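**Q** Here it is: the structure, laid out below.
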There are 2 protein chains.
Amino acid sequence: MSRVYNFSAGPSTIAEEVLQRAQDELLEWGKSGMSVMEMSHRGKDYVGIAEKAEADFREILGVPDNYKVLFVSGGATGQFAAIPMNLLRGKTSVNYVNTGIWSGKAISEAKKYAEVKIAASSKENGFKTIPARADWKIDPEAAYLHYTSNETINGVEFQEVPDAGGLPLVCDMSSNILSRPVDVSQFGLIYAGAQKNMGPAGIAVVIVRDDLMGQALPITPSIFDYKIQAENGSMLNTPPTYNWYLLGLVLEWVKQQGGLATIEEHNKAKAAKLYATIDASPFYANPVEPVYRSRMNVPFTLAKPELEKTFAAEAKAVGLVSLEGHRSVGGMRASIYNAMPAAGVDALIAFMNEFERKNG
Amino acid sequence: MSRVYNFSAGPSTIAEEVLQRAQDELLEWGKSGMSVMEMSHRGKDYVGIAEKAEADFREILGVPDNYKVLFVSGGATGQFAAIPMNLLRGKTSVNYVNTGIWSGKAISEAKKYAEVKIAASSKENGFKTIPARADWKIDPEAAYLHYTSNETINGVEFQEVPDAGGLPLVCDMSSNILSRPVDVSQFGLIYAGAQKNMGPAGIAVVIVRDDLMGQALPITPSIFDYKIQAENGSMLNTPPTYNWYLLGLVLEWVKQQGGLATIEEHNKAKAAKLYATIDASPFYANPVEPVYRSRMNVPFTLAKPELEKTFAAEAKAVGLVSLEGHRSVGGMRASIYNAMPAAGVDALIAFMNEFERKNG
């Protein structure tokens with residue numbers, strides 16, 4: 001077997017130790033006589049697995065007691081609808097910050113349920129920055145303020161938690177959750193699909209403050225009703241049990257790495273090396289304002305765009321895969337989530353330097 | 001390793017060959033250098049896996065060309081809301097047949113979006129039968145007729161597809177899909193969570209006739225909009241990629257077994273033996289009218305209910321697990337889905353006979 005370095009934006013690379021553990025346990029978990037994926041979600045073994053994952057998640061992120069952590073089917077796209085359904089609480093408008101394609105998708109979906117006010121947008125400049133907080137226009141009568149902490153396609157990331165002007169702050173943290181410490185108490189709600197830093201696709205985590213639940217719109221599907229899910233321990237219906245288990249294995253790995261402070265240092269170092277390579281070269285370019293560059297997703301262009309396919313193919317030949325940019329923007333992109341080892345970034349940098357030497 | 005016989009109602013037992021294959025491929029699929037769970041859902045390898053699963057599913061069930069097959073996150077409970085959202089098509093009422101606890105859940109959820117008319121119900125008699133078709137009262141102005149082909153908790157199963165009186169027929173087939181051949185052309189829509197006969201929880205399949213799509217209510221979340229999902233090949237958002245792959249492995253196994261006609265014969269034989277054991281004994285009882293007894297879920301009671309815990313514990317000690325009845329009804333229950341081998345049923349029967357000999 002020869003594992004590649006996988007720079008996919010999501011689903012994305014998973015630590016080999018996690019996969020090894022999943023493989024070892026696949027036919028039998030503990031002394032249960034069965035695979036985790038065969039277990040009743042009401043049985044003692046499975047409930048233990050699920051509860052351990054929640055406890056580890058709370059510990060790693062330091063989730064305060066007045067927040068519920070929900071494990072739900074699907075990913076962020078479902079939550080784009082669930083959030084206004086749950087959080088309008090008698091209000092009619094919501095504030096959204098538009099910093100990229102994922103913000104835009106959240107906005108489109110929210111418009112089905114509420115009047116969406118754009119508090120700030122970097123669309124005019126091609127999503128290469130984040131508008132200064134002082135310039136945001138927040139409707140104080142709105143139900144909440146929503147932003148996307150990292151944009152995978154444009155490679156733009158908030159480096160600080162923005163002031164929500166007294167409103168509940170709602171964040172799509174799908175692509176940078178667990179990549180750095182975060183003060184959960186600054187948020188009303190955080191949500192994230194698993195498939196970047198938390199394991200395979202098919203499950204999302206919602207961290208929601210207790211006082212924001214219980215006023216879902218009457219048209220809210222039960223599986224989207226946070227209060228109902230909280231009352232049922234995320235088991236109103238059969239949860240995606242195996243995905244939850246795998247997410248739990250990733251959480252154990254995060255703890256073994258030393259937690260979020262250590263992981264943040266690794267992520268900073270990986271990103272710094274890669275951006276330095278890009279900036280030092282006339283052959284590569286990244287358009288994002290440096291202070292808002294993403295540590296997770298590094299898009300870059302070649303001085304000779306006609307070589308993009310060659311770049312991807314030659315990279316693949318040496319075990320560096322999924323470097324194509326998103327189909328909507330083109331170019332190249334290296335996603336370097338938690339599970340991408342420094343050695344993978346080093347190998348990419350070496351390849352980039354060599355490619356430039358041959359083609360620059 | 002010693003695998004048990006797992007009689008859980010869902011998530012439930014999976015064929016050992018399927019698990020073995022998943023284990024073999026867990027760290028690397030083919031020559032891809034990565035696990036399936038790490039693959040981009042837009043990449044060639046993963047698209048091939050997904051398309052093969054759909055093709056196999058269509059072949060196994062003989063799905064006509066004018067039906068789409070969607071692979072969506074979650075399970076039946078999400079679809080309980082999605083179905084009226086998509087299928088009302090300007091109508092205001094819907095017909096539901098109430099034959100058990102799952103029918104009841106579908107009805108409760110549909111009431112959020114439509115006037116629900118109960119075409120027939122066996123609630124009064126404790127869900128021990130299915131009301132004769134001649135007695136059903138169907139509102140011809142309603143959008144569709146919904147029924148649940150198998151009730152896992154009460155152990156009641158339709159043996160024929162009911163006449164829908166000219167309306168689109170909608171069926172929750174979660175717990176008996178792929179257990180017998182079915183003529184899809186008799187239905188407007190069939191849906192099923194995977195976690196009984198199709199693999200792990202977290203993914204559902206929706207088979208929907210083309211003409212029923214495209215008129216979803218404006219409040220329909222995008223992930224629930226069948227037309228949008230169909231136009232995007234079930235990849236509007238990141239699908240539960242690993243669950244879809246595992247579902248595909250189960251489908252390959254179904255084909256290797258000889259397809260649905262062969263599987264139906266096995267299922268008939270397993271169920272017949274178990275019900276014969278129950279009926280031949282004064283110690284065990286099943287209350288369901290024989291013609292409507294489920295081939296998938298066999299609930300039974302002991303003449304001495306105080307021995308239920310002993311029964312479950314002693315069964316577990318000999319490798320027969322998850323025989324407790326649903327918490328809402330008590331008693332015992334053996335779920336004998338496709339992947340339960342005849343040897344498992346034989347072992348259960350031997351245990352039941354011995355338990356009766358000692359305690360009867």
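Ordered as shown in the structure tokens, chains take letters A, B, and onward, while each chain numbers its residues from 1 and ligands are numbered from 1 in the order shown.
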Could you list, as a PyMOL selection string, every residue within 12 Å of B:Gly90, counting only C-alpha atoms and ignoring same-chain residues fewer than 6 positions away?
**A** chain B and resi 84+113-114+141-144+212+214-218
**Q** Give the strand (DSSP E) residues of stretch 60-301 of chain A, as assigned by DSSP on the backbone, as a count of residues only.
**A** 51
**Q** Least-squares superpose chain A onto chain B - every C-alpha atom, paired in order - and show me the moved coordinates as a short mmCIF file (atom, residue, chain, number, x, y, z; two decimals) with C-alpha atoms, in the first residue's frame.
**A**
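What landed in superposed32.cif:
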```
data_model
loop_
_atom_site.label_atom_id
_atom_site.label_comp_id
_atom_site.auth_asym_id
_atom_site.auth_seq_id
_atom_site.Cartn_x
_atom_site.Cartn_y
_atom_site.Cartn_z
CA MET A 1 -12.72 -12.74 16.98
CA SER A 2 -16.12 -14.30 17.55
CA ARG A 3 -19.02 -12.75 15.68
CA VAL A 4 -22.42 -12.98 17.30
CA TYR A 5 -25.83 -13.38 15.69
CA ASN A 6 -27.23 -9.87 15.96
CA PHE A 7 -31.02 -9.62 15.91
CA SER A 8 -31.12 -5.83 16.26
CA ALA A 9 -33.97 -4.06 14.45
CA GLY A 10 -31.66 -1.45 13.02
CA PRO A 11 -28.88 -0.60 12.72
CA SER A 12 -28.61 -4.31 12.13
CA THR A 13 -26.38 -7.15 11.08
CA ILE A 14 -24.34 -6.81 7.89
CA ALA A 15 -22.99 -9.74 5.90
CA GLU A 16 -19.50 -10.64 7.05
CA GLU A 17 -18.24 -10.64 3.45
CA VAL A 18 -19.29 -6.99 3.16
CA LEU A 19 -17.50 -6.04 6.36
CA GLN A 20 -14.42 -8.00 5.29
CA ARG A 21 -14.30 -6.16 1.98
CA ALA A 22 -14.71 -2.79 3.74
CA GLN A 23 -11.91 -3.72 6.13
CA ASP A 24 -9.60 -4.80 3.31
CA GLU A 25 -10.16 -1.52 1.47
CA LEU A 26 -10.27 0.77 4.46
CA LEU A 27 -6.80 2.29 4.15
CA GLU A 28 -6.62 2.20 0.40
CA TRP A 29 -9.29 1.77 -2.24
CA GLY A 30 -7.89 0.23 -5.41
CA LYS A 31 -4.72 2.07 -6.34
CA SER A 32 -6.07 5.42 -5.17
CA GLY A 33 -3.64 5.79 -2.28
CA MET A 34 -6.47 6.74 0.06
CA SER A 35 -9.53 5.50 1.88
CA VAL A 36 -12.92 5.95 0.24
CA MET A 37 -13.84 8.18 3.17
CA GLU A 38 -11.05 10.60 2.22
CA MET A 39 -12.04 10.93 -1.43
CA SER A 40 -13.47 14.08 -2.94
CA HIS A 41 -17.03 13.35 -3.96
CA ARG A 42 -16.28 15.17 -7.24
CA GLY A 43 -13.28 12.97 -8.07
CA LYS A 44 -13.32 10.26 -10.71
CA ASP A 45 -12.82 7.36 -8.30
CA TYR A 46 -15.65 8.37 -6.02
CA VAL A 47 -18.04 9.25 -8.81
CA GLY A 48 -17.41 5.75 -10.18
CA ILE A 49 -18.24 4.18 -6.82
CA ALA A 50 -21.44 6.22 -6.51
CA GLU A 51 -22.58 5.52 -10.06
CA LYS A 52 -21.95 1.80 -9.69
CA ALA A 53 -24.10 1.72 -6.56
CA GLU A 54 -26.93 3.46 -8.38
CA ALA A 55 -26.64 1.15 -11.39
CA ASP A 56 -26.66 -1.93 -9.16
CA PHE A 57 -29.64 -0.63 -7.22
CA ARG A 58 -31.57 0.03 -10.43
CA GLU A 59 -30.70 -3.41 -11.74
CA ILE A 60 -31.60 -5.26 -8.55
CA LEU A 61 -34.97 -3.56 -8.12
CA GLY A 62 -35.68 -3.12 -11.82
CA VAL A 63 -36.22 0.62 -11.49
CA PRO A 64 -37.85 2.01 -14.66
CA ASP A 65 -36.18 4.84 -16.56
CA ASN A 66 -38.81 7.38 -15.59
CA TYR A 67 -37.79 7.19 -11.94
CA LYS A 68 -34.82 8.91 -10.31
CA VAL A 69 -32.89 7.16 -7.56
CA LEU A 70 -31.59 9.63 -4.98
CA PHE A 71 -29.06 8.93 -2.24
CA VAL A 72 -29.64 11.40 0.57
CA SER A 73 -28.35 12.08 4.07
CA GLY A 74 -30.30 10.84 7.05
CA GLY A 75 -33.06 8.28 7.12
CA ALA A 76 -36.80 7.91 6.87
CA THR A 77 -37.58 10.48 9.56
CA GLY A 78 -36.24 13.30 7.42
CA GLN A 79 -38.27 12.02 4.50
CA PHE A 80 -41.43 12.10 6.62
CA ALA A 81 -41.19 15.88 6.18
CA ALA A 82 -39.65 15.92 2.71
CA ILE A 83 -42.44 13.88 1.14
CA PRO A 84 -45.34 16.28 1.75
CA MET A 85 -43.02 19.22 1.02
CA ASN A 86 -42.31 17.78 -2.43
CA LEU A 87 -45.46 15.95 -3.36
CA LEU A 88 -48.32 18.24 -2.36
CA ARG A 89 -48.14 19.90 -5.82
CA GLY A 90 -50.88 22.42 -5.10
CA LYS A 91 -53.07 19.98 -3.17
CA THR A 92 -53.81 20.44 0.50
CA SER A 93 -54.55 16.94 1.77
CA VAL A 94 -52.81 13.58 1.87
CA ASN A 95 -53.96 10.03 2.67
CA TYR A 96 -52.07 7.87 5.17
CA VAL A 97 -52.65 4.27 6.22
CA ASN A 98 -51.87 3.74 9.90
CA THR A 99 -50.54 0.26 10.59
CA GLY A 100 -48.09 0.85 13.40
CA ILE A 101 -45.69 3.13 15.18
CA TRP A 102 -43.72 4.11 12.09
CA SER A 103 -46.89 4.97 10.17
CA GLY A 104 -47.82 7.13 13.14
CA LYS A 105 -44.54 9.02 13.04
CA ALA A 106 -44.95 9.67 9.31
CA ILE A 107 -48.48 10.94 9.97
CA SER A 108 -47.41 13.28 12.77
CA GLU A 109 -44.75 14.86 10.61
CA ALA A 110 -46.98 15.21 7.54
CA LYS A 111 -49.50 17.16 9.63
CA LYS A 112 -47.06 20.07 9.68
CA TYR A 113 -47.55 20.55 5.95
CA ALA A 114 -50.92 19.10 4.95
CA GLU A 115 -54.30 17.93 6.10
CA VAL A 116 -53.75 14.25 6.83
CA LYS A 117 -56.66 11.91 6.15
CA ILE A 118 -56.39 8.46 7.68
CA ALA A 119 -57.48 6.12 4.91
CA ALA A 120 -57.36 3.13 7.22
CA SER A 121 -56.03 2.25 10.65
CA SER A 122 -55.40 -0.85 12.70
CA LYS A 123 -54.68 1.18 15.82
CA GLU A 124 -57.91 0.10 17.53
CA ASN A 125 -56.87 -3.53 17.45
CA GLY A 126 -53.32 -2.87 18.62
CA PHE A 127 -51.75 -3.01 15.16
CA LYS A 128 -52.14 -6.77 14.88
CA THR A 129 -53.45 -6.74 11.34
CA ILE A 130 -53.79 -4.62 8.23
CA PRO A 131 -57.25 -3.27 7.41
CA ALA A 132 -58.83 -4.90 4.36
CA ARG A 133 -58.28 -2.79 1.28
CA ALA A 134 -62.02 -2.75 0.54
CA ASP A 135 -62.57 -0.78 3.74
CA TRP A 136 -60.05 1.97 3.02
CA LYS A 137 -61.45 5.48 2.53
CA ILE A 138 -59.27 7.36 0.10
CA ASP A 139 -59.77 11.06 -0.57
CA PRO A 140 -59.40 11.25 -4.37
CA GLU A 141 -58.47 14.96 -4.15
CA ALA A 142 -55.50 14.24 -1.92
CA ALA A 143 -51.94 14.45 -3.23
CA TYR A 144 -50.99 10.83 -2.58
CA LEU A 145 -51.58 7.69 -0.54
CA HIS A 146 -48.85 6.77 1.95
CA TYR A 147 -48.27 3.45 3.68
CA THR A 148 -45.51 1.67 5.59
CA SER A 149 -44.76 -1.68 4.00
CA ASN A 150 -43.32 -3.21 7.16
CA GLU A 151 -43.66 -2.16 10.79
CA THR A 152 -40.54 -3.13 12.74
CA ILE A 153 -42.03 -2.71 16.20
CA ASN A 154 -45.36 -4.47 15.73
CA GLY A 155 -44.07 -6.99 13.20
CA VAL A 156 -46.74 -6.35 10.58
CA GLU A 157 -45.99 -6.46 6.86
CA PHE A 158 -47.95 -5.87 3.67
CA GLN A 159 -47.69 -8.96 1.49
CA GLU A 160 -49.08 -7.18 -1.59
CA VAL A 161 -48.79 -3.68 -2.96
CA PRO A 162 -52.14 -2.01 -2.23
CA ASP A 163 -54.22 -0.38 -4.93
CA ALA A 164 -53.81 3.38 -4.51
CA GLY A 165 -57.12 4.27 -6.13
CA GLY A 166 -55.44 6.23 -8.90
CA LEU A 167 -53.29 8.39 -6.62
CA PRO A 168 -49.50 8.32 -6.48
CA LEU A 169 -48.61 5.56 -4.05
CA VAL A 170 -45.89 6.47 -1.56
CA CYS A 171 -44.22 3.80 0.54
CA ASP A 172 -41.84 3.81 3.48
CA MET A 173 -39.94 0.64 2.62
CA SER A 174 -37.17 1.20 5.17
CA SER A 175 -37.45 -2.16 6.84
CA ASN A 176 -38.20 -4.53 3.98
CA ILE A 177 -36.63 -3.01 0.88
CA LEU A 178 -34.50 -5.54 -1.02
CA SER A 179 -36.11 -8.38 0.95
CA ARG A 180 -38.34 -9.41 -1.97
CA PRO A 181 -38.97 -8.35 -5.58
CA VAL A 182 -41.16 -5.29 -5.99
CA ASP A 183 -42.78 -3.70 -9.02
CA VAL A 184 -41.53 -0.12 -8.77
CA SER A 185 -43.90 1.04 -11.51
CA GLN A 186 -46.81 0.66 -9.07
CA PHE A 187 -45.38 3.48 -6.94
CA GLY A 188 -45.04 7.22 -7.17
CA LEU A 189 -42.28 7.21 -4.59
CA ILE A 190 -40.46 4.65 -2.45
CA TYR A 191 -38.10 5.66 0.32
CA ALA A 192 -35.96 3.73 2.76
CA GLY A 193 -33.31 4.37 5.34
CA ALA A 194 -30.33 2.10 4.75
CA GLN A 195 -29.86 0.66 8.21
CA LYS A 196 -31.84 -2.55 7.87
CA ASN A 197 -31.20 -4.20 4.50
CA MET A 198 -28.80 -1.72 2.86
CA GLY A 199 -25.94 -1.16 5.28
CA PRO A 200 -25.09 1.41 7.94
CA ALA A 201 -27.31 4.29 9.07
CA GLY A 202 -26.86 7.81 7.73
CA ILE A 203 -28.11 7.44 4.18
CA ALA A 204 -31.53 6.95 2.66
CA VAL A 205 -32.62 6.04 -0.84
CA VAL A 206 -35.55 7.79 -2.55
CA ILE A 207 -37.00 6.36 -5.76
CA VAL A 208 -39.22 9.03 -7.25
CA ARG A 209 -41.19 9.19 -10.47
CA ASP A 210 -40.08 12.06 -12.69
CA ASP A 211 -43.48 13.73 -13.00
CA LEU A 212 -43.82 14.13 -9.23
CA MET A 213 -40.79 16.40 -8.91
CA GLY A 214 -40.41 20.11 -9.46
CA GLN A 215 -43.24 21.53 -7.35
CA ALA A 216 -41.72 21.55 -3.88
CA LEU A 217 -43.13 24.01 -1.36
CA PRO A 218 -41.14 27.28 -1.15
CA ILE A 219 -40.13 26.42 2.43
CA THR A 220 -38.47 23.16 1.36
CA PRO A 221 -34.81 23.01 2.41
CA SER A 222 -32.66 22.52 -0.69
CA ILE A 223 -31.32 19.21 0.54
CA PHE A 224 -34.92 17.93 0.71
CA ASP A 225 -35.89 19.16 -2.76
CA TYR A 226 -35.97 16.04 -4.92
CA LYS A 227 -35.77 17.99 -8.17
CA ILE A 228 -32.65 19.84 -7.06
CA GLN A 229 -31.05 16.65 -5.77
CA ALA A 230 -31.92 14.82 -9.00
CA GLU A 231 -30.41 17.59 -11.10
CA ASN A 232 -27.24 17.35 -9.05
CA GLY A 233 -26.89 13.57 -9.04
CA SER A 234 -27.59 13.56 -5.26
CA MET A 235 -24.55 15.79 -4.85
CA LEU A 236 -26.09 19.21 -4.29
CA ASN A 237 -24.09 19.08 -1.09
CA THR A 238 -21.42 16.62 0.01
CA PRO A 239 -23.26 13.32 0.30
CA PRO A 240 -22.51 10.78 3.06
CA THR A 241 -19.79 9.33 0.86
CA TYR A 242 -18.63 6.39 2.94
CA ASN A 243 -22.20 5.31 3.73
CA TRP A 244 -22.96 5.37 -0.01
CA TYR A 245 -19.90 3.22 -0.69
CA LEU A 246 -20.91 0.71 2.00
CA LEU A 247 -24.44 0.62 0.60
CA GLY A 248 -22.83 -0.21 -2.74
CA LEU A 249 -20.94 -3.12 -1.18
CA VAL A 250 -24.22 -4.45 0.22
CA LEU A 251 -25.77 -4.20 -3.24
CA GLU A 252 -22.93 -6.23 -4.72
CA TRP A 253 -23.56 -8.83 -2.02
CA VAL A 254 -27.29 -8.88 -2.88
CA LYS A 255 -26.38 -9.61 -6.49
CA GLN A 256 -23.99 -12.36 -5.42
CA GLN A 257 -26.80 -13.97 -3.42
CA GLY A 258 -28.77 -14.28 -6.64
CA GLY A 259 -30.90 -11.16 -6.43
CA LEU A 260 -34.24 -10.51 -4.83
CA ALA A 261 -36.09 -13.66 -5.88
CA THR A 262 -33.48 -15.84 -4.18
CA ILE A 263 -33.29 -13.57 -1.18
CA GLU A 264 -37.06 -13.69 -0.82
CA GLU A 265 -36.97 -17.49 -0.70
CA HIS A 266 -34.35 -17.37 2.06
CA ASN A 267 -36.36 -14.81 3.99
CA LYS A 268 -39.57 -16.80 3.65
CA ALA A 269 -37.86 -19.93 4.92
CA LYS A 270 -36.22 -18.19 7.87
CA ALA A 271 -39.45 -16.51 8.96
CA ALA A 272 -41.54 -19.65 8.48
CA LYS A 273 -39.26 -21.68 10.74
CA LEU A 274 -39.30 -19.07 13.47
CA TYR A 275 -43.07 -18.50 13.42
CA ALA A 276 -43.60 -22.28 13.38
CA THR A 277 -41.51 -22.57 16.54
CA ILE A 278 -43.56 -19.84 18.21
CA ASP A 279 -46.90 -21.28 17.10
CA ALA A 280 -45.99 -24.83 18.13
CA SER A 281 -45.20 -23.74 21.67
CA PRO A 282 -47.50 -22.77 24.54
CA PHE A 283 -44.56 -20.80 25.97
CA TYR A 284 -44.12 -18.34 23.07
CA ALA A 285 -46.72 -16.23 21.32
CA ASN A 286 -46.98 -13.76 18.46
CA PRO A 287 -50.20 -11.75 18.28
CA VAL A 288 -50.15 -10.76 14.60
CA GLU A 289 -52.70 -12.16 12.17
CA PRO A 290 -50.62 -14.80 10.34
CA VAL A 291 -51.13 -13.45 6.84
CA TYR A 292 -49.70 -10.07 7.85
CA ARG A 293 -46.78 -11.30 9.90
CA SER A 294 -43.50 -9.64 9.05
CA ARG A 295 -40.71 -11.66 7.50
CA MET A 296 -38.24 -9.14 8.84
CA ASN A 297 -39.21 -8.53 12.47
CA VAL A 298 -40.64 -11.28 14.62
CA PRO A 299 -41.91 -10.00 17.99
CA PHE A 300 -42.89 -12.61 20.52
CA THR A 301 -43.85 -12.83 24.17
CA LEU A 302 -43.05 -15.36 26.85
CA ALA A 303 -45.77 -17.10 28.87
CA LYS A 304 -43.77 -15.88 31.87
CA PRO A 305 -43.00 -12.22 31.10
CA GLU A 306 -40.92 -12.02 34.27
CA LEU A 307 -38.34 -14.16 32.44
CA GLU A 308 -37.75 -11.66 29.62
CA LYS A 309 -34.50 -10.35 31.08
CA THR A 310 -33.28 -13.88 31.76
CA PHE A 311 -34.13 -14.87 28.20
CA ALA A 312 -32.16 -11.95 26.78
CA ALA A 313 -29.19 -12.52 29.08
CA GLU A 314 -28.95 -16.26 28.47
CA ALA A 315 -29.34 -15.75 24.75
CA LYS A 316 -26.55 -13.19 24.78
CA ALA A 317 -24.33 -15.62 26.65
CA VAL A 318 -24.57 -18.00 23.70
CA GLY A 319 -24.02 -15.31 21.08
CA LEU A 320 -27.62 -14.37 20.23
CA VAL A 321 -27.90 -10.64 20.90
CA SER A 322 -30.32 -7.71 20.74
CA LEU A 323 -33.44 -9.81 21.25
CA GLU A 324 -35.18 -7.30 23.52
CA GLY A 325 -38.44 -5.92 22.10
CA HIS A 326 -38.79 -2.22 21.37
CA ARG A 327 -38.93 -0.17 24.57
CA SER A 328 -42.45 1.00 23.64
CA VAL A 329 -43.97 -2.51 23.55
CA GLY A 330 -41.64 -4.78 25.55
CA GLY A 331 -41.48 -8.53 24.97
CA MET A 332 -38.86 -10.04 22.69
CA ARG A 333 -38.13 -9.41 19.04
CA ALA A 334 -35.92 -11.14 16.51
CA SER A 335 -35.11 -9.05 13.46
CA ILE A 336 -34.03 -11.36 10.68
CA TYR A 337 -33.13 -9.13 7.77
CA ASN A 338 -31.41 -10.27 4.59
CA ALA A 339 -28.00 -10.51 6.25
CA MET A 340 -29.15 -12.84 9.04
CA PRO A 341 -28.04 -16.29 7.95
CA ALA A 342 -30.35 -19.29 8.30
CA ALA A 343 -27.84 -20.65 10.80
CA GLY A 344 -28.58 -17.68 13.04
CA VAL A 345 -32.30 -18.42 13.00
CA ASP A 346 -31.59 -22.10 13.63
CA ALA A 347 -29.44 -21.20 16.62
CA LEU A 348 -32.19 -18.96 17.96
CA ILE A 349 -34.78 -21.70 17.56
CA ALA A 350 -32.56 -24.19 19.36
CA PHE A 351 -32.07 -21.71 22.18
CA MET A 352 -35.81 -21.01 22.40
CA ASN A 353 -36.61 -24.70 22.61
CA GLU A 354 -34.01 -25.22 25.30
CA PHE A 355 -35.16 -22.17 27.25
CA GLU A 356 -38.74 -23.41 27.15
CA ARG A 357 -37.66 -26.87 28.30
CA LYS A 358 -35.92 -25.35 31.33
CA ASN A 359 -38.51 -22.69 32.14
CA GLY A 360 -41.77 -23.66 30.51
#
```
**Q** Can you list, as a PyMOL selection string, all residues belonging to stretch 23-75 of chain A that DSSP tags as helix (DSSP H, G or I)?
**A** chain A and resi 23-25+36-38+44-61
